[in-house]
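Asks: I'm passing along model-v6.csv; it holds CSV, C-alpha atoms and all ligand atoms.
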chain,number,residue,atom,x,y,z
L,10,MET,CA,6.0,35.2,-0.7
L,11,LEU,CA,9.7,36.4,-0.9
L,12,THR,CA,10.3,39.2,1.6
L,13,VAL,CA,13.2,41.6,1.3
L,14,SER,CA,14.6,43.5,4.2
L,15,ASN,CA,16.5,46.7,4.5
L,16,THR,CA,19.2,46.5,7.1
L,17,GLU,CA,19.7,50.3,7.2
L,18,GLY,CA,16.1,50.9,8.3
L,19,GLY,CA,14.2,53.6,6.5
L,20,LEU,CA,13.3,53.2,2.9
L,21,ILE,CA,11.9,49.7,2.7
L,22,ALA,CA,11.8,47.3,5.6
L,23,SER,CA,11.0,43.6,5.4
L,24,LEU,CA,8.4,43.8,2.6
L,25,PRO,CA,7.0,41.2,0.3
L,26,ILE,CA,7.7,41.5,-3.4
L,27,GLY,CA,5.4,40.6,-6.2
L,28,ILE,CA,4.6,41.1,-9.9
L,29,ALA,CA,1.9,43.4,-11.2
L,30,SER,CA,0.7,44.5,-14.6
L,31,GLU,CA,-0.6,47.9,-15.3
L,32,ASP,CA,-1.7,47.2,-18.9
L,33,PRO,CA,-4.3,44.5,-19.5
L,34,GLU,CA,-2.3,43.4,-22.5
L,35,GLN,CA,0.7,42.6,-20.3
L,36,ARG,CA,-1.2,40.3,-18.0
L,37,ASP,CA,0.1,37.1,-19.6
L,38,ALA,CA,3.6,38.4,-19.7
L,39,ALA,CA,3.3,39.3,-16.0
L,40,ARG,CA,2.1,35.8,-15.2
L,41,ARG,CA,5.0,34.3,-17.1
L,42,LEU,CA,7.5,36.6,-15.3
L,43,ALA,CA,5.9,35.8,-11.9
L,44,HIS,CA,6.3,32.1,-12.7
L,45,ARG,CA,10.0,32.5,-13.9
L,46,LEU,CA,11.0,34.5,-10.8
L,47,GLY,CA,8.9,32.4,-8.4
L,48,LEU,CA,7.0,35.5,-7.2
L,49,PRO,CA,3.3,36.0,-6.6
L,50,LEU,CA,1.1,37.9,-9.0
L,51,LEU,CA,-0.3,41.0,-7.2
L,52,THR,CA,-4.0,41.7,-7.9
L,53,SER,CA,-4.9,44.4,-5.4
L,54,PRO,CA,-3.8,48.0,-5.8
L,55,LEU,CA,-0.2,48.7,-4.7
L,56,ASP,CA,0.3,50.2,-1.3
L,57,ARG,CA,3.2,50.7,1.1
L,58,SER,CA,3.1,47.1,2.2
L,59,THR,CA,4.5,45.6,-1.0
L,60,ILE,CA,7.4,46.2,-3.4
L,61,ALA,CA,6.1,45.6,-6.9
L,62,LEU,CA,7.8,44.7,-10.2
L,63,VAL,CA,5.3,46.3,-12.6
L,64,LEU,CA,5.0,45.6,-16.3
L,65,THR,CA,3.6,48.7,-18.0
L,66,ALA,CA,3.0,49.0,-21.7
L,67,GLN,CA,6.5,50.5,-22.0
L,68,ARG,CA,8.8,48.7,-19.6
L,69,LEU,CA,9.4,46.7,-16.4
L,70,GLU,CA,9.8,48.9,-13.4
L,71,ILE,CA,10.1,48.5,-9.7
L,72,ARG,CA,7.8,50.6,-7.5
L,73,HIS,CA,7.4,51.4,-3.9
L,74,PRO,CA,6.1,54.7,-2.4
L,75,GLY,CA,9.3,55.0,-0.4
L,76,LEU,CA,11.3,55.0,-3.7
L,77,GLY,CA,9.6,58.1,-5.2
L,78,SER,CA,9.7,57.6,-8.9
L,79,PRO,CA,9.8,54.1,-10.2
L,80,LEU,CA,13.1,52.5,-10.9
L,81,PHE,CA,13.9,51.0,-14.3
L,82,VAL,CA,16.8,50.5,-16.6
L,83,ASP,CA,17.0,53.1,-19.4
L,84,PHE,CA,20.0,53.1,-21.8
L,85,VAL,CA,18.3,55.2,-24.4
L,86,LYS,CA,17.3,58.4,-22.6
L,87,GLY,CA,18.0,59.7,-19.1
L,88,ALA,CA,21.5,59.8,-17.6
L,89,MET,CA,22.8,56.9,-19.7
L,90,GLY,CA,21.5,58.3,-23.0
L,91,TYR,CA,23.2,61.6,-22.0
L,92,ARG,CA,26.5,59.9,-21.3
L,93,ARG,CA,26.2,58.0,-24.6
L,94,ARG,CA,25.6,61.2,-26.6
L,95,ARG,CA,28.2,63.1,-24.8
L,96,GLY,CA,30.8,60.4,-25.3
L,97,GLU,CA,33.0,60.9,-22.3
L,98,GLY,CA,35.7,58.9,-24.1
L,99,ARG,CA,38.7,56.9,-23.1
L,100,GLN,CA,40.1,59.4,-20.7
L,101,GLN,CA,37.4,58.7,-18.1
L,102,PRO,CA,38.8,56.8,-15.1
L,103,LEU,CA,36.7,53.7,-15.8
L,104,ALA,CA,38.1,53.4,-19.3
L,105,ARG,CA,41.7,54.0,-18.2
L,106,ALA,CA,41.3,51.4,-15.4
L,107,ILE,CA,40.1,48.8,-17.9
L,108,GLY,CA,43.1,49.6,-20.1
L,109,LEU,CA,41.4,51.2,-23.1
L,110,LYS,CA,44.1,52.9,-25.2
L,111,GLY,CA,44.3,53.7,-28.9
L,112,ASN,CA,42.6,50.8,-30.7
L,113,ILE,CA,42.9,48.5,-27.7
L,114,CYS,CA,39.5,47.3,-26.7
L,115,PRO,CA,39.7,44.3,-24.3
L,116,THR,CA,36.9,41.8,-23.8
L,117,VAL,CA,35.3,42.5,-20.4
L,118,LEU,CA,33.5,40.2,-18.0
L,119,ASP,CA,31.4,42.5,-15.8
L,120,ALA,CA,30.8,40.0,-12.9
L,121,THR,CA,28.6,42.3,-10.8
L,122,ALA,CA,26.4,43.9,-13.5
L,123,GLY,CA,23.7,45.4,-11.3
L,124,LEU,CA,21.7,47.8,-13.5
L,125,GLY,CA,24.3,47.7,-16.2
L,126,ARG,CA,25.5,51.3,-16.2
L,127,ASP,CA,29.3,50.7,-16.1
L,128,ALA,CA,28.9,47.8,-18.7
L,129,PHE,CA,27.0,50.2,-21.0
L,130,VAL,CA,29.7,52.8,-20.8
L,131,LEU,CA,32.4,50.2,-21.7
L,132,ALA,CA,30.3,48.8,-24.5
L,133,SER,CA,29.7,52.4,-25.8
L,134,LEU,CA,33.5,52.7,-25.9
L,135,GLY,CA,33.8,49.6,-28.1
L,136,CYS,CA,34.3,46.7,-25.6
L,137,GLN,CA,32.5,43.4,-25.9
L,138,VAL,CA,31.0,43.0,-22.4
L,139,LEU,CA,29.5,39.9,-20.8
L,140,LEU,CA,27.3,40.9,-17.9
L,141,LEU,CA,26.7,38.5,-15.0
L,142,GLU,CA,24.1,39.3,-12.3
L,143,GLN,CA,23.2,37.0,-9.4
L,144,SER,CA,19.8,38.5,-8.5
L,145,PRO,CA,16.9,37.3,-10.8
L,146,ILE,CA,14.9,40.5,-10.0
L,147,VAL,CA,17.8,42.9,-10.8
L,148,GLY,CA,18.5,40.6,-13.9
L,149,ALA,CA,14.9,41.0,-15.1
L,150,LEU,CA,15.1,44.8,-14.9
L,151,LEU,CA,18.4,44.7,-16.7
L,152,GLU,CA,17.2,42.4,-19.5
L,153,ASP,CA,14.2,44.6,-20.0
L,154,GLY,CA,16.4,47.7,-20.4
L,155,LEU,CA,18.7,45.9,-22.8
L,156,GLU,CA,15.7,44.7,-24.9
L,157,ARG,CA,14.3,48.3,-25.2
L,158,ALA,CA,17.8,49.6,-26.0
L,159,ARG,CA,18.1,47.0,-28.8
L,160,GLN,CA,14.9,48.4,-30.4
L,161,ALA,CA,16.2,52.0,-30.5
L,162,PRO,CA,18.5,52.8,-33.4
L,163,GLU,CA,20.7,55.1,-31.3
L,164,SER,CA,21.6,52.5,-28.7
L,165,ALA,CA,21.2,49.3,-30.7
L,166,PRO,CA,24.9,49.2,-31.9
L,167,VAL,CA,26.1,49.6,-28.3
L,168,VAL,CA,23.8,46.9,-26.9
L,169,ALA,CA,24.9,44.6,-29.7
L,170,ARG,CA,28.2,44.4,-27.8
L,171,MET,CA,26.5,43.4,-24.6
L,172,ALA,CA,25.3,39.9,-23.5
L,173,PHE,CA,23.7,39.1,-20.2
L,174,ILE,CA,23.6,35.9,-18.1
L,175,GLN,CA,21.9,35.5,-14.8
L,176,ALA,CA,24.4,33.6,-12.6
L,177,ASN,CA,26.5,33.8,-9.5
L,178,ALA,CA,29.8,35.0,-10.9
L,179,ILE,CA,31.9,33.1,-8.4
L,180,ASP,CA,30.6,29.8,-9.6
L,181,TRP,CA,30.4,30.9,-13.2
L,182,MET,CA,34.0,32.1,-13.4
L,183,ALA,CA,35.3,28.9,-11.7
L,184,LYS,CA,33.7,26.8,-14.5
L,185,LEU,CA,35.1,28.8,-17.5
L,186,SER,CA,37.4,26.9,-19.9
L,187,THR,CA,40.8,28.4,-20.6
L,188,ARG,CA,39.8,29.4,-24.1
L,189,ASP,CA,36.9,31.4,-22.9
L,190,LEU,CA,38.7,33.5,-20.3
L,191,PRO,CA,38.0,37.2,-20.6
L,192,GLU,CA,40.9,39.7,-20.9
L,193,VAL,CA,39.5,41.9,-18.1
L,194,VAL,CA,37.2,41.1,-15.2
L,195,TYR,CA,35.4,44.1,-13.7
L,196,LEU,CA,34.0,44.0,-10.2
L,197,ASP,CA,31.7,46.6,-8.5
L,198,PRO,CA,30.6,44.8,-5.4
L,199,MET,CA,28.1,46.3,-3.0
L,200,TYR,CA,29.5,48.6,-0.4
L,201,PRO,CA,27.8,50.5,2.5
L,202,GLU,CA,26.4,53.7,1.0
L,203,ARG,CA,28.1,57.0,1.6
L,204,THR,CA,27.1,59.2,-1.3
L,205,LYS,CA,24.9,62.2,-0.7
L,206,SER,CA,23.0,62.1,-4.0
L,207,ALA,CA,19.3,61.4,-3.0
L,208,LEU,CA,18.6,59.5,-6.3
L,209,VAL,CA,21.6,57.3,-6.1
L,210,LYS,CA,20.9,56.8,-2.4
L,211,LYS,CA,17.4,55.5,-3.1
L,212,GLU,CA,18.5,53.3,-5.9
L,213,MET,CA,21.4,51.9,-4.0
L,214,ARG,CA,19.2,51.3,-1.0
L,215,LEU,CA,16.7,49.4,-3.1
L,216,LEU,CA,19.5,47.4,-4.7
L,217,ARG,CA,20.9,46.6,-1.3
L,218,THR,CA,17.4,45.7,-0.1
L,219,LEU,CA,17.1,43.3,-3.0
L,220,VAL,CA,20.6,41.8,-3.2
L,221,GLY,CA,22.4,42.3,0.2
L,222,ASP,CA,25.5,44.0,1.3
L,223,GLY,CA,28.5,42.5,-0.6
L,224,GLU,CA,30.1,40.1,1.9
L,225,ASN,CA,31.2,38.0,-1.1
L,226,ALA,CA,33.6,40.6,-2.5
L,227,PRO,CA,36.7,38.7,-1.3
L,228,LEU,CA,35.5,35.5,-3.0
L,229,LEU,CA,34.6,37.5,-6.2
L,230,LEU,CA,38.1,38.9,-6.3
L,231,GLU,CA,39.7,35.5,-5.7
L,232,ALA,CA,37.7,34.0,-8.6
L,233,ALA,CA,38.3,37.0,-10.8
L,234,LEU,CA,42.1,36.8,-10.3
L,235,LYS,CA,42.0,33.2,-11.5
L,236,CYS,CA,39.8,34.0,-14.5
L,237,ALA,CA,41.1,37.2,-16.1
L,238,ARG,CA,43.9,37.1,-18.7
L,239,GLN,CA,45.2,40.6,-18.3
L,240,ARG,CA,43.7,42.5,-15.4
L,241,VAL,CA,41.0,42.7,-12.7
L,242,VAL,CA,39.5,46.1,-11.9
L,243,VAL,CA,37.6,46.6,-8.7
L,244,LYS,CA,35.5,49.7,-8.2
L,245,ARG,CA,35.5,51.1,-4.6
L,246,PRO,CA,34.4,54.3,-2.9
L,247,ARG,CA,37.5,56.5,-3.0
L,248,LEU,CA,38.5,56.1,0.7
L,249,ALA,CA,37.3,52.5,1.2
L,250,PRO,CA,39.9,49.8,2.1
L,251,THR,CA,40.9,47.4,-0.7
L,252,VAL,CA,39.0,44.1,-1.0
L,253,ALA,CA,40.5,41.5,1.3
L,254,GLY,CA,43.3,43.9,2.1
L,255,LEU,CA,44.9,42.9,-1.3
L,256,LYS,CA,47.2,45.7,-2.6
L,257,PRO,CA,46.5,46.6,-6.3
L,258,ASP,CA,49.3,47.2,-8.8
L,259,PHE,CA,47.9,50.7,-9.2
L,260,ALA,CA,44.7,52.7,-8.6
L,261,ILE,CA,42.9,55.4,-10.6
L,262,GLU,CA,40.9,57.8,-8.5
L,263,SER,CA,38.0,60.2,-9.4
L,264,LYS,CA,36.1,62.4,-7.1
L,265,ASN,CA,34.2,59.8,-5.2
L,266,THR,CA,35.4,56.5,-6.7
L,267,ARG,CA,38.6,54.5,-6.9
L,268,PHE,CA,39.4,51.8,-9.4
L,269,ASP,CA,41.9,49.2,-8.0
L,270,VAL,CA,43.7,47.5,-10.8
L,271,TYR,CA,45.4,44.1,-10.4
L,272,LEU,CA,47.6,43.1,-13.3
L,273,LEU,CA,48.0,39.5,-14.4
L,274,ARG,CA,50.6,37.8,-16.5
L,275,LYS,CA,49.3,37.1,-20.0
L,276,ARG,CA,47.9,33.6,-20.5
L,277,SER,CA,47.7,31.7,-23.7
L,278,LYS,CA,44.2,31.3,-25.2
L,279,ASN,CA,44.7,27.6,-25.9
L,280,PRO,CA,44.6,25.1,-23.0
V,1,LIG,C1,26.9,47.9,-6.9
V,1,LIG,S1,26.0,46.9,-7.9
V,1,LIG,C2,26.8,47.0,-9.5
V,1,LIG,C3,26.4,48.3,-10.2
V,1,LIG,C4,26.9,48.3,-11.7
V,1,LIG,N1,28.3,48.4,-11.8
V,1,LIG,C5,26.2,49.4,-12.5
V,1,LIG,O1,27.0,50.1,-13.1
V,1,LIG,O2,25.0,49.4,-12.5
V,1,LIG,C6,26.5,45.3,-7.5
V,1,LIG,C7,25.7,44.1,-8.1
V,1,LIG,O3,26.5,43.0,-8.0
V,1,LIG,C8,25.7,41.9,-7.9
V,1,LIG,N2,26.5,40.7,-7.3
V,1,LIG,C9,27.1,40.7,-6.1
V,1,LIG,N3,27.7,39.5,-6.0
V,1,LIG,C10,27.5,38.8,-7.1
V,1,LIG,C11,27.9,37.5,-7.6
V,1,LIG,N4,28.6,36.7,-6.8
V,1,LIG,N5,27.6,37.2,-8.9
V,1,LIG,C12,26.8,38.0,-9.7
V,1,LIG,N6,26.4,39.2,-9.3
V,1,LIG,C13,26.7,39.6,-8.0
V,1,LIG,C14,24.6,42.4,-6.9
V,1,LIG,O4,23.5,41.5,-7.0
V,1,LIG,C15,24.4,43.8,-7.4
V,1,LIG,O5,23.4,43.8,-8.4
Mind turning this structure into structure tokens?
Ligand SMILES: C[S@@+](CC[C@H](N)C(=O)[O-])C[C@H]1O[C@@H](n2cnc3c(N)ncnc32)[C@H](O)[C@@H]1O
Replies:
Amino acid sequence: MLTVSNTEGGLIASLPIGIASEDPEQRDAARRLAHRLGLPLLTSPLDRSTIALVLTAQRLEIRHPGLGSPLFVDFVKGAMGYRRRRGEGRQQPLARAIGLKGNICPTVLDATAGLGRDAFVLASLGCQVLLLEQSPIVGALLEDGLERARQAPESAPVVARMAFIQANAIDWMAKLSTRDLPEVVYLDPMYPERTKSALVKKEMRLLRTLVGDGENAPLLLEAALKCARQRVVVKRPRLAPTVAGLKPDFAIESKNTRFDVYLLRKRSKNP
């Protein structure tokens, strides 16, 4: 059984993770998911000793008593639905960092997709976004959220601009042929948590528990700089040092976040 451990202590420490189904009709789907992820199928009721990926009649969610409410990806309602309806626009720091201006809508490789929020914001502003995520568990949550958003008329046009691949972005970027290079590579590597928001704290802790702490940020940046045609954007906490001490061409700051922007000379599309 795969165990995950929380280096910060507290929320979830060294627990096994498995798949459960709440709805009898989801049992076969749960079995297939367990097989695909190489995780055990849980049969006994959930307790504090296990983290469970649970297939309900509506969605795939991750549950643990220490997490409070279950965690799942929702692009239709909740905070993401609100952001989509409100349409924060191209003046928001993320959009400016990516280089969205007038009709300009670069293709974006989101190499650290996580739960897909930033990618969804960029797709809702018109960008084609390819999302890469290394963790099969986080990837399964993300795919489930994308699938549900595809079924909802209000989010379907946005999700049509998003594609997901489960892969280690460092290896994946190194293998891209010149004609497939994206205009922008976006990186949001893991970083030790500082935010005071309880919800984000729990989510980020769980994410850190599942995927680790981001020691590969320098390698991600190195691969991204070789891969992007126009720019690499790195999201950091506002006061954090730059990745690998590499000075960006410029940075865009918001209240808690900083986007470091590395500009590249334009490359031709043909090899
Ligand atoms: C802070 S989260 C990203 C959150 C995301 N920007 C969002 O809006 O939901 C970082 C994610 O990057 C992923 N990651 C880290 N290194 C990676 C790599 N080499 N290849 C692919 N994904 C990676 C982690 O598994 C984690 O899910």
Asks: So, counting only C-alpha atoms, which residue among L:Ile113, L:Val82, L:Leu230, L:Leu134 is closest to L:Arg157?
Replies: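 Looking at the shortest contact to L:Arg157, the residue is L:Val82.
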Asks: Within 9 Å of ligand LIG 1 (chain V) (counting all atoms listed in the file), which residues show up? I'd like them as a ChimeraX atom specification.
Replies: /L:119-130,140-145,147-148,175-181,195-200,213,216-217,219-226,228-229,244
Asks: Would you mind telling me which residue in L:Leu50, L:Glu70, L:Arg41, L:Glu152 lies nearest to L:Ile26 when using all atoms listed in the file?
Replies: L:Leu50
Asks: How many Å separate atom CA of L:Pro191 from atom CA of L:Ala237?
Replies: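 Between these atoms lies a distance of 5.5 Å.
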Asks: Determine, counting all atoms listed in the file, which protein, DNA and RNA residues have an atom within 10 Å of an atom of L:Asp153; residues of the same chain fewer than 2 positions away are not included. Present the result as a ChimeraX atom specification.
Replies: /L:64,67-70,81-83,148-151,155-159
Asks: In Å to one decimal, how far is atom CA of L:Pro102 from atom CA of L:Phe268?
Replies: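 Rounded to one decimal, the two atoms are 7.6 Å apart.
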